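First the structure, in the form of structure tokens, and then the observations on it.
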Amino acid sequence: MYAPRVLVSMLAVLIVFAVSTYVIHGSVLTAVVQTMICALLIQAGYFVCVLFLVRREKLRVEGNPARESLLLRSLEREPRDEIGTTTARNFSARDH
């Protein structure tokens, strides 16, 4: 996760949330309080994601697959097969 992108995205979400909360409730105080709560929840989620990524990287570097959880194994990407000659029944794949 690229931190500046996350922060800009978080700020955009909070602005939209604050404006929509103000429009719905018509109260600046309610909009500010609910936006602060939303910001705390987003930060907590970001913190948990960073911890998850650090733990996954540590397990990968250690090379100890026995300690990896089922969740970590399920998130690993599997190689995909090549696209066949047809992408759908009615549309054939062609090189142009």
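Chains: A, B, ... in order of the structure tokens. Residues: from 1 per chain. Ligands: from 1, in order shown.
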Skipping near chain neighbours, those fewer than 5 positions away, what residues fall within 10 Å of A:Leu7 using only C-alpha atoms, listed as a short mmCIF file (atom, residue, chain, number, x, y, z; two decimals) with N, CA and C atoms, in the first residue's frame?
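Written file, part_25.cif:
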```cif
data_model
loop_
_atom_site.label_atom_id
_atom_site.label_comp_id
_atom_site.auth_asym_id
_atom_site.auth_seq_id
_atom_site.Cartn_x
_atom_site.Cartn_y
_atom_site.Cartn_z
N TYR A 2 0.65 2.09 -0.93
CA TYR A 2 1.42 3.31 -1.09
C TYR A 2 0.79 4.39 -0.22
N ALA A 12 -10.31 12.16 0.64
CA ALA A 12 -11.43 12.29 -0.29
C ALA A 12 -12.68 11.61 0.27
N VAL A 13 -12.52 10.43 0.82
CA VAL A 13 -13.66 9.72 1.41
C VAL A 13 -14.23 10.51 2.58
N GLN A 43 -8.59 4.72 9.93
CA GLN A 43 -7.21 4.58 10.40
C GLN A 43 -6.97 3.23 11.05
N TYR A 46 -6.64 0.71 8.29
CA TYR A 46 -5.35 0.85 7.62
C TYR A 46 -4.24 0.24 8.48
#
```
So that I can check the surroundings of A:Tyr22, please list as a PyMOL selection string every protein, DNA and RNA residue that reaches within 10 Å of it, counting only C-alpha atoms and ignoring chain neighbours fewer than 6 positions away. chain A and resi 16+28-32+34-35
